Structure formats: structure tokens, C-alpha cells
>>> print(open('start.cif').read())   # mmCIF, C-alpha atoms, pLDDT in the B column; chains and numbers go by the auth columns
data_work
#
loop_
_atom_site.group_PDB
_atom_site.id
_atom_site.type_symbol
_atom_site.label_atom_id
_atom_site.label_comp_id
_atom_site.label_asym_id
_atom_site.label_seq_id
_atom_site.Cartn_x
_atom_site.Cartn_y
_atom_site.Cartn_z
_atom_site.B_iso_or_equiv
_atom_site.auth_seq_id
_atom_site.auth_asym_id
ATOM 1 C CA ALA A 1 -15.982 17.168 21.999 79.00 1 G
ATOM 2 C CA TYR A 2 -12.703 19.011 21.722 81.00 2 G
ATOM 3 C CA GLY A 3 -12.525 20.097 25.350 80.00 3 G
ATOM 4 C CA PRO A 4 -14.244 19.454 28.678 79.00 4 G
ATOM 5 C CA LEU A 5 -16.670 22.379 28.287 85.00 5 G
ATOM 6 C CA ALA A 6 -17.141 22.126 24.513 85.00 6 G
ATOM 7 C CA GLU A 7 -20.341 20.970 22.857 86.00 7 G
ATOM 8 C CA PRO A 8 -20.059 17.449 21.421 85.00 8 G
ATOM 9 C CA ILE A 9 -19.294 17.357 17.700 86.00 9 G
ATOM 10 C CA LEU A 10 -21.035 14.021 17.149 87.00 10 G
ATOM 11 C CA GLN A 11 -23.738 12.344 19.208 86.00 11 G
ATOM 12 C CA ALA A 12 -25.711 9.112 19.009 86.00 12 G
ATOM 13 C CA ILE A 13 -24.157 7.801 15.820 88.00 13 G
ATOM 14 C CA ALA A 14 -24.408 4.125 14.994 87.00 14 G
ATOM 15 C CA LEU A 15 -22.750 2.883 11.825 88.00 15 G
ATOM 16 C CA ASP A 16 -22.179 -0.601 10.528 89.00 16 G
ATOM 17 C CA ILE A 17 -20.154 -0.748 7.334 90.00 17 G
ATOM 18 C CA PRO A 18 -19.845 -4.353 6.177 89.00 18 G
ATOM 19 C CA GLN A 19 -16.961 -5.631 4.066 87.00 19 G
ATOM 20 C CA ALA A 20 -17.187 -4.510 0.436 88.00 20 G
ATOM 21 C CA HIS A 21 -19.666 -1.719 1.235 93.00 21 G
ATOM 22 C CA HIS A 22 -19.141 1.956 0.538 93.00 22 G
ATOM 23 C CA LEU A 23 -20.287 4.997 2.490 93.00 23 G
ATOM 24 C CA ALA A 24 -20.165 8.605 1.301 93.00 24 G
ATOM 25 C CA ILE A 25 -20.296 11.364 3.899 93.00 25 G
ATOM 26 C CA VAL A 26 -20.984 14.702 2.231 93.00 26 G
ATOM 27 C CA GLY A 27 -21.513 18.127 3.746 91.00 27 G
ATOM 28 C CA PRO A 28 -20.058 21.533 4.514 90.00 28 G
ATOM 29 C CA SER A 29 -17.051 22.210 6.724 88.00 29 G
ATOM 30 C CA GLY A 30 -17.576 22.002 10.454 85.00 30 G
ATOM 31 C CA ILE A 31 -20.274 19.339 10.666 88.00 31 G
ATOM 32 C CA GLY A 32 -17.980 16.593 12.028 90.00 32 G
ATOM 33 C CA LYS A 33 -16.963 14.651 8.915 91.00 33 G
ATOM 34 C CA SER A 34 -13.243 14.625 9.750 91.00 34 G
ATOM 35 C CA THR A 35 -14.002 14.061 13.423 92.00 35 G
ATOM 36 C CA LEU A 36 -15.925 10.940 12.436 93.00 36 G
ATOM 37 C CA ALA A 37 -13.008 9.835 10.247 93.00 37 G
ATOM 38 C CA GLY A 38 -10.624 10.361 13.158 93.00 38 G
ATOM 39 C CA LEU A 39 -12.836 8.307 15.466 93.00 39 G
ATOM 40 C CA ILE A 40 -13.177 5.453 12.982 92.00 40 G
ATOM 41 C CA ALA A 41 -9.436 5.486 12.281 93.00 41 G
ATOM 42 C CA GLY A 42 -8.593 5.423 15.990 91.00 42 G
ATOM 43 C CA LEU A 43 -6.866 8.806 15.950 91.00 43 G
ATOM 44 C CA LEU A 44 -9.515 10.197 18.298 90.00 44 G
ATOM 45 C CA ARG A 45 -11.197 8.436 21.207 88.00 45 G
ATOM 46 C CA PRO A 46 -14.938 8.735 21.812 88.00 46 G
ATOM 47 C CA LEU A 47 -16.078 10.162 25.136 85.00 47 G
ATOM 48 C CA ALA A 48 -18.786 7.479 25.207 85.00 48 G
ATOM 49 C CA GLY A 49 -19.489 4.353 23.209 88.00 49 G
ATOM 50 C CA GLU A 50 -16.979 2.413 21.192 91.00 50 G
ATOM 51 C CA VAL A 51 -15.565 1.989 17.740 91.00 51 G
ATOM 52 C CA ARG A 52 -15.012 -1.504 16.400 90.00 52 G
ATOM 53 C CA LEU A 53 -12.961 -2.463 13.374 87.00 53 G
ATOM 54 C CA GLY A 54 -13.428 -5.954 12.038 83.00 54 G
ATOM 55 C CA GLY A 55 -15.484 -6.739 15.133 87.00 55 G
ATOM 56 C CA VAL A 56 -12.646 -5.769 17.490 89.00 56 G
ATOM 57 C CA SER A 57 -12.851 -2.742 19.787 92.00 57 G
ATOM 58 C CA LEU A 58 -10.252 -0.088 19.020 91.00 58 G
ATOM 59 C CA THR A 59 -9.280 -0.183 22.690 90.00 59 G
ATOM 60 C CA GLU A 60 -8.088 -3.763 22.135 93.00 60 G
ATOM 61 C CA ILE A 61 -5.968 -2.970 19.071 92.00 61 G
ATOM 62 C CA PRO A 62 -2.461 -1.641 19.718 92.00 62 G
ATOM 63 C CA ALA A 63 -1.842 1.601 17.818 88.00 63 G
ATOM 64 C CA THR A 64 1.021 -0.080 15.940 90.00 64 G
ATOM 65 C CA ASP A 65 -1.435 -2.681 14.578 90.00 65 G
ATOM 66 C CA LEU A 66 -4.108 -0.216 13.377 90.00 66 G
ATOM 67 C CA PRO A 67 -2.657 0.085 9.841 90.00 67 G
ATOM 68 C CA ARG A 68 -3.533 -3.585 9.262 89.00 68 G
ATOM 69 C CA TYR A 69 -7.203 -2.734 9.870 90.00 69 G
ATOM 70 C CA ARG A 70 -7.678 0.694 8.335 94.00 70 G
ATOM 71 C CA VAL A 71 -5.964 3.327 6.249 95.00 71 G
ATOM 72 C CA LEU A 72 -6.831 7.019 6.362 95.00 72 G
ATOM 73 C CA ILE A 73 -5.886 9.473 3.635 94.00 73 G
ATOM 74 C CA PRO A 74 -6.488 13.037 4.829 91.00 74 G
ATOM 75 C CA GLN A 75 -6.799 16.170 2.729 89.00 75 G
ATOM 76 C CA GLN A 76 -3.201 17.131 3.489 90.00 76 G
ATOM 77 C CA ALA A 77 -1.436 13.986 2.358 92.00 77 G
ATOM 78 C CA TYR A 78 1.816 13.084 4.093 93.00 78 G
ATOM 79 C CA VAL A 79 4.924 12.281 2.064 96.00 79 G
ATOM 80 C CA PHE A 80 8.276 11.899 3.797 96.00 80 G
ATOM 81 C CA ALA A 81 11.857 12.429 2.664 95.00 81 G
ATOM 82 C CA GLY A 82 13.164 9.159 1.301 96.00 82 G
ATOM 83 C CA THR A 83 12.684 7.290 -1.929 97.00 83 G
ATOM 84 C CA LEU A 84 9.435 7.097 -3.817 97.00 84 G
ATOM 85 C CA GLY A 85 9.428 3.332 -3.239 97.00 85 G
ATOM 86 C CA GLN A 86 9.827 3.792 0.521 97.00 86 G
ATOM 87 C CA ASN A 87 6.895 6.195 0.550 97.00 87 G
ATOM 88 C CA LEU A 88 4.700 3.861 -1.477 98.00 88 G
ATOM 89 C CA SER A 89 5.520 0.676 0.445 97.00 89 G
ATOM 90 C CA TYR A 90 5.482 2.231 3.922 96.00 90 G
ATOM 91 C CA LEU A 91 2.278 0.387 4.941 95.00 91 G
ATOM 92 C CA ALA A 92 3.175 -2.784 3.018 96.00 92 G
ATOM 93 C CA PRO A 93 6.967 -3.151 3.232 94.00 93 G
ATOM 94 C CA ASP A 94 6.939 -6.724 1.939 94.00 94 G
ATOM 95 C CA ALA A 95 4.703 -6.043 -1.053 96.00 95 G
ATOM 96 C CA PRO A 96 6.071 -7.501 -4.286 97.00 96 G
ATOM 97 C CA LEU A 97 6.960 -5.212 -7.166 97.00 97 G
ATOM 98 C CA ALA A 98 3.894 -6.376 -9.120 98.00 98 G
ATOM 99 C CA ALA A 99 1.591 -5.184 -6.313 97.00 99 G
ATOM 100 C CA LEU A 100 3.441 -1.866 -6.138 97.00 100 G
ATOM 101 C CA ASP A 101 3.051 -1.442 -9.897 98.00 101 G
ATOM 102 C CA ALA A 102 -0.644 -2.344 -9.664 98.00 102 G
ATOM 103 C CA SER A 103 -1.292 0.312 -6.997 98.00 103 G
ATOM 104 C CA VAL A 104 0.602 2.947 -9.012 98.00 104 G
ATOM 105 C CA ASP A 105 -1.357 2.146 -12.157 98.00 105 G
ATOM 106 C CA ALA A 106 -4.695 1.897 -10.354 98.00 106 G
ATOM 107 C CA VAL A 107 -4.601 5.406 -8.898 97.00 107 G
ATOM 108 C CA GLY A 108 -2.925 7.040 -11.905 97.00 108 G
ATOM 109 C CA LEU A 109 0.553 7.645 -10.500 97.00 109 G
ATOM 110 C CA ARG A 110 2.551 6.078 -13.356 98.00 110 G
ATOM 111 C CA ASP A 111 3.407 9.371 -15.112 97.00 111 G
ATOM 112 C CA LEU A 112 4.808 10.832 -11.893 97.00 112 G
ATOM 113 C CA VAL A 113 6.826 7.666 -11.173 98.00 113 G
ATOM 114 C CA THR A 114 8.357 7.944 -14.648 97.00 114 G
ATOM 115 C CA ARG A 115 8.982 11.690 -14.372 96.00 115 G
ATOM 116 C CA LEU A 116 10.693 11.289 -10.991 96.00 116 G
ATOM 117 C CA GLY A 117 12.929 8.487 -12.273 96.00 117 G
ATOM 118 C CA GLY A 118 11.356 5.375 -10.776 97.00 118 G
ATOM 119 C CA TYR A 119 10.892 3.911 -7.327 97.00 119 G
ATOM 120 C CA HIS A 120 14.500 4.588 -6.270 97.00 120 G
ATOM 121 C CA ALA A 121 14.146 8.334 -6.859 97.00 121 G
ATOM 122 C CA ASP A 122 14.716 10.470 -3.775 96.00 122 G
ATOM 123 C CA LEU A 123 11.740 12.603 -2.810 95.00 123 G
ATOM 124 C CA SER A 124 11.775 16.069 -1.382 93.00 124 G
ATOM 125 C CA PRO A 125 8.172 16.628 -0.245 94.00 125 G
ATOM 126 C CA ALA A 126 8.501 20.409 -0.588 93.00 126 G
ATOM 127 C CA THR A 127 9.103 20.054 -4.331 94.00 127 G
ATOM 128 C CA LEU A 128 5.895 18.102 -4.908 96.00 128 G
ATOM 129 C CA SER A 129 2.529 19.708 -5.552 95.00 129 G
ATOM 130 C CA ALA A 130 -0.375 18.994 -3.213 95.00 130 G
ATOM 131 C CA GLY A 131 -1.914 16.818 -5.940 95.00 131 G
ATOM 132 C CA GLU A 132 1.302 14.819 -6.398 97.00 132 G
ATOM 133 C CA ARG A 133 1.488 14.219 -2.652 96.00 133 G
ATOM 134 C CA GLN A 134 -2.151 13.072 -2.695 96.00 134 G
ATOM 135 C CA LEU A 135 -1.463 10.606 -5.519 97.00 135 G
ATOM 136 C CA ILE A 136 1.516 9.151 -3.653 98.00 136 G
ATOM 137 C CA ALA A 137 -0.557 8.795 -0.465 97.00 137 G
ATOM 138 C CA LEU A 138 -3.410 7.226 -2.429 98.00 138 G
ATOM 139 C CA ALA A 139 -1.088 4.657 -4.027 98.00 139 G
ATOM 140 C CA ARG A 140 0.398 3.901 -0.580 97.00 140 G
ATOM 141 C CA ALA A 141 -3.086 3.392 0.867 97.00 141 G
ATOM 142 C CA TYR A 142 -4.237 1.310 -2.090 97.00 142 G
ATOM 143 C CA LEU A 143 -1.256 -1.018 -1.550 97.00 143 G
ATOM 144 C CA SER A 144 -1.855 -1.354 2.186 96.00 144 G
ATOM 145 C CA PRO A 145 -3.373 -4.558 3.593 94.00 145 G
ATOM 146 C CA ALA A 146 -6.091 -2.611 5.435 94.00 146 G
ATOM 147 C CA ARG A 147 -9.626 -3.652 4.547 92.00 147 G
ATOM 148 C CA LEU A 148 -11.122 -0.273 5.463 95.00 148 G
ATOM 149 C CA ALA A 149 -10.052 2.765 3.467 96.00 149 G
ATOM 150 C CA ILE A 150 -11.113 6.237 4.613 96.00 150 G
ATOM 151 C CA LEU A 151 -10.660 8.989 2.031 95.00 151 G
ATOM 152 C CA ASP A 152 -11.115 12.331 3.813 94.00 152 G
ATOM 153 C CA GLU A 153 -11.070 14.903 0.975 92.00 153 G
ATOM 154 C CA ALA A 154 -8.205 12.750 -0.316 92.00 154 G
ATOM 155 C CA THR A 155 -8.605 13.830 -3.949 93.00 155 G
ATOM 156 C CA CYS A 156 -9.411 17.525 -3.454 92.00 156 G
ATOM 157 C CA HIS A 157 -6.114 18.643 -5.020 94.00 157 G
ATOM 158 C CA LEU A 158 -6.557 16.503 -8.131 94.00 158 G
ATOM 159 C CA ASP A 159 -8.265 17.505 -11.341 94.00 159 G
ATOM 160 C CA PRO A 160 -11.695 15.888 -11.870 93.00 160 G
ATOM 161 C CA ILE A 161 -10.393 13.170 -14.218 95.00 161 G
ATOM 162 C CA ALA A 162 -7.553 12.161 -11.879 96.00 162 G
ATOM 163 C CA ALA A 163 -9.888 12.254 -8.869 93.00 163 G
ATOM 164 C CA ALA A 164 -12.429 10.042 -10.625 93.00 164 G
ATOM 165 C CA ARG A 165 -9.727 7.533 -11.552 96.00 165 G
ATOM 166 C CA ALA A 166 -8.359 7.333 -8.002 95.00 166 G
ATOM 167 C CA GLU A 167 -11.822 7.112 -6.447 92.00 167 G
ATOM 168 C CA GLY A 168 -12.801 4.443 -8.976 94.00 168 G
ATOM 169 C CA ALA A 169 -9.722 2.434 -8.018 97.00 169 G
ATOM 170 C CA PHE A 170 -10.702 2.510 -4.354 96.00 170 G
ATOM 171 C CA ALA A 171 -14.295 1.619 -5.195 94.00 171 G
ATOM 172 C CA ALA A 172 -12.993 -1.531 -6.921 95.00 172 G
ATOM 173 C CA ARG A 173 -10.461 -2.329 -4.164 95.00 173 G
ATOM 174 C CA PRO A 174 -11.421 -5.173 -1.798 94.00 174 G
ATOM 175 C CA GLY A 175 -12.827 -4.070 1.546 94.00 175 G
ATOM 176 C CA ALA A 176 -15.003 -1.269 2.841 95.00 176 G
ATOM 177 C CA LEU A 177 -14.666 2.341 1.730 95.00 177 G
ATOM 178 C CA ILE A 178 -15.645 5.629 3.365 95.00 178 G
ATOM 179 C CA VAL A 179 -15.397 8.731 1.202 94.00 179 G
ATOM 180 C CA ILE A 180 -15.695 12.121 2.876 93.00 180 G
ATOM 181 C CA ALA A 181 -16.260 15.215 0.741 88.00 181 G
ATOM 182 C CA HIS A 182 -17.651 18.725 0.808 82.00 182 G
ATOM 183 C CA ARG A 183 -19.628 18.067 -2.361 76.00 183 G
ATOM 184 C CA MET A 184 -20.872 15.128 -4.410 73.00 184 G
#
>>> encode(input="start.cif", output="C-alpha cells")
Amino acid sequence: AYGPLAEPILQAIALDIPQAHHLAIVGPSGIGKSTLAGLIAGLLRPLAGEVRLGGVSLTEIPATDLPRYRVLIPQQAYVFAGTLGQNLSYLAPDAPLAALDASVDAVGLRDLVTRLGGYHADLSPATLSAGERQLIALARAYLSPARLAILDEATCHLDPIAAARAEGAFAARPGALIVIAHRM
């Protein structure tokens, strides 16, 4: 619940998502999809029960270590001022160039990388479209070591072909996948 007197958003939910499995959560706004994503990602704490990632309770995982377990891409993707390479490798700073290239190609970011002038290009988030920011966040998440990826309307600003490519890349990525959407 989002307040002491508020009605609970989610109740009595039990989920077990094994490695390499995929879960789609589809429904209209306001039914708790993003709340569930926030709970699973450790951004929200349950009032009762527990959330476990990789068999470990979220209460036992320091917040600084959570990115090793899970990656969440929300509808409003975050891109920070810095270089494109810094944005892409933020969750995997030691990733080799080949892995960076693979994540860029997998989600369909190559044209933007070329247009911007490569990984050393300075980014100004305000000059990027919502779809470009989503592609950058998707490539960053794809590159991350996390074995649980949560896509919360993470391709809503992409055209259907680009969205299908990015979602297909995550479906083929090792680990578990949760896709949250308003429609199939």
C-alpha cells in the first residue's frame, strides 16, 4: 500500500520464476504491474512477506549489490550526461568492447551509436527522443550481469519493429525475464 490508510495494491501473490523462464504481466494502468516490478527489483518493500532473488532475501542484499541480481528498465528510461559508452557500461564497467558491441547490436542501437559518433560521443539526454533513451537503457541492461531482467513498458516509445527486436534480444538473453505491458 502507498500509505498507512491506503488499500493494498497487491495481496497474496506468490511467484517463482526459475532461471531461463519468462513471465508476461499484461493489463490496464492501475492494477499493480509497476508496483510488482518495484517490489521484485527491491525499490519497494513489502508490508508483509518477502522477495527473494536467486534464493536470497532482498533484506539480505545491500542496495549497492542489487544490480548484480536484477536490472529494471522502466517506461521512462534514464540516460545521464556523459559519454554514450559510460551510459552503456554503467552496470558493467569492466565489460570488454566485444560485449558492448554485442549488446548494441542485439537491441538495435547500432544506427544511433553511428549517428552520435561512437561510444566516446557526449550525450545530452534532453536532445534524445524517448525511444532513443529507451534503446540506450535497453542496451545497458542487456550488457549487465544481472540474471533477472524486468522490462516495465520498456519498449513503449519504440516502433513495433524496434520493440520486437529489443524484446527478442531479451528473450534470448541468459536468465529470467519479466515483461510488463498494457497490451500483448
>>> closest_residue(input="start.cif", among="G:Arg133, G:His22, G:His120, G:Arg52", to="Ala172 (chain G)", atoms="only C-alpha atoms")
G:His22
>>> closest_atom_pairs(input="start.cif", of="region 82-172 of chain G", to="region 3-21 of chain G", cutoff="10 Å", atoms="all atoms listed in the file", output="JSON lines")
{"residue": "G:Arg147", "atom": "CA", "partner": "G:Gln19", "partner_atom": "CA", "distance": 7.6}
{"residue": "G:Leu148", "atom": "CA", "partner": "G:Gln19", "partner_atom": "CA", "distance": 8.0}
{"residue": "G:Ala171", "atom": "CA", "partner": "G:Ala20", "partner_atom": "CA", "distance": 8.8}
{"residue": "G:Ala172", "atom": "CA", "partner": "G:Ala20", "partner_atom": "CA", "distance": 9.0}
>>> axis_aligned_box(input="start.cif", around="region 21-29 of chain G", padding_each_side="3 Å", output="lines of an AutoDock Vina configuration file")
center_x = -19.3
center_y = 10.2
center_z = 3.6
size_x = 10.5
size_y = 29.9
size_z = 12.2
>>> closest_residue(input="start.cif", among="G:Asp122, G:Asp111, G:Asp105, G:Glu60", to="Asn87 (chain G)", atoms="only C-alpha atoms")
G:Asp122
>>> resolve_selection(input="start.cif", expression="the PyMOL selection byres ((chain G and resi 34) around 10)", output="number ranges by chain")
G: 25, 29-33, 35-40, 74-75, 151-153, 180-181
>>> write_last_selection(input="start.cif", atoms="C-alpha atoms", output="PDB file, keeping the file's coordinate frame")
ATOM      1  CA  ILE G  25     -20.296  11.364   3.899  1.00 93.00           C
ATOM      2  CA  SER G  29     -17.051  22.210   6.724  1.00 88.00           C
ATOM      3  CA  GLY G  30     -17.576  22.002  10.454  1.00 85.00           C
ATOM      4  CA  ILE G  31     -20.274  19.339  10.666  1.00 88.00           C
ATOM      5  CA  GLY G  32     -17.980  16.593  12.028  1.00 90.00           C
ATOM      6  CA  LYS G  33     -16.963  14.651   8.915  1.00 91.00           C
ATOM      7  CA  THR G  35     -14.002  14.061  13.423  1.00 92.00           C
ATOM      8  CA  LEU G  36     -15.925  10.940  12.436  1.00 93.00           C
ATOM      9  CA  ALA G  37     -13.008   9.835  10.247  1.00 93.00           C
ATOM     10  CA  GLY G  38     -10.624  10.361  13.158  1.00 93.00           C
ATOM     11  CA  LEU G  39     -12.836   8.307  15.466  1.00 93.00           C
ATOM     12  CA  ILE G  40     -13.177   5.453  12.982  1.00 92.00           C
ATOM     13  CA  PRO G  74      -6.488  13.037   4.829  1.00 91.00           C
ATOM     14  CA  GLN G  75      -6.799  16.170   2.729  1.00 89.00           C
ATOM     15  CA  LEU G 151     -10.660   8.989   2.031  1.00 95.00           C
ATOM     16  CA  ASP G 152     -11.115  12.331   3.813  1.00 94.00           C
ATOM     17  CA  GLU G 153     -11.070  14.903   0.975  1.00 92.00           C
ATOM     18  CA  ILE G 180     -15.695  12.121   2.876  1.00 93.00           C
ATOM     19  CA  ALA G 181     -16.260  15.215   0.741  1.00 88.00           C
TER      20      ALA G 181
END
>>> atom_distance(input="start.cif", atom1="CA of Ala169 (chain G)", atom2="CA of Arg45 (chain G)")
29.9 Å
>>> resolve_selection(input="start.cif", expression="the PyMOL selection byres ((chain G and resi 86) around 12)", output="list in words")
Val79, Phe80, Ala81, Gly82, Thr83, Leu84, Gly85, Asn87, Leu88, Ser89, Tyr90, Leu91, Ala92, Pro93, Asp94, Ala95, Leu100, Gly118, Tyr119, His120, Ala121, Asp122, Leu123, Ile136, Ala137, Ala139 and Arg140 of chain G
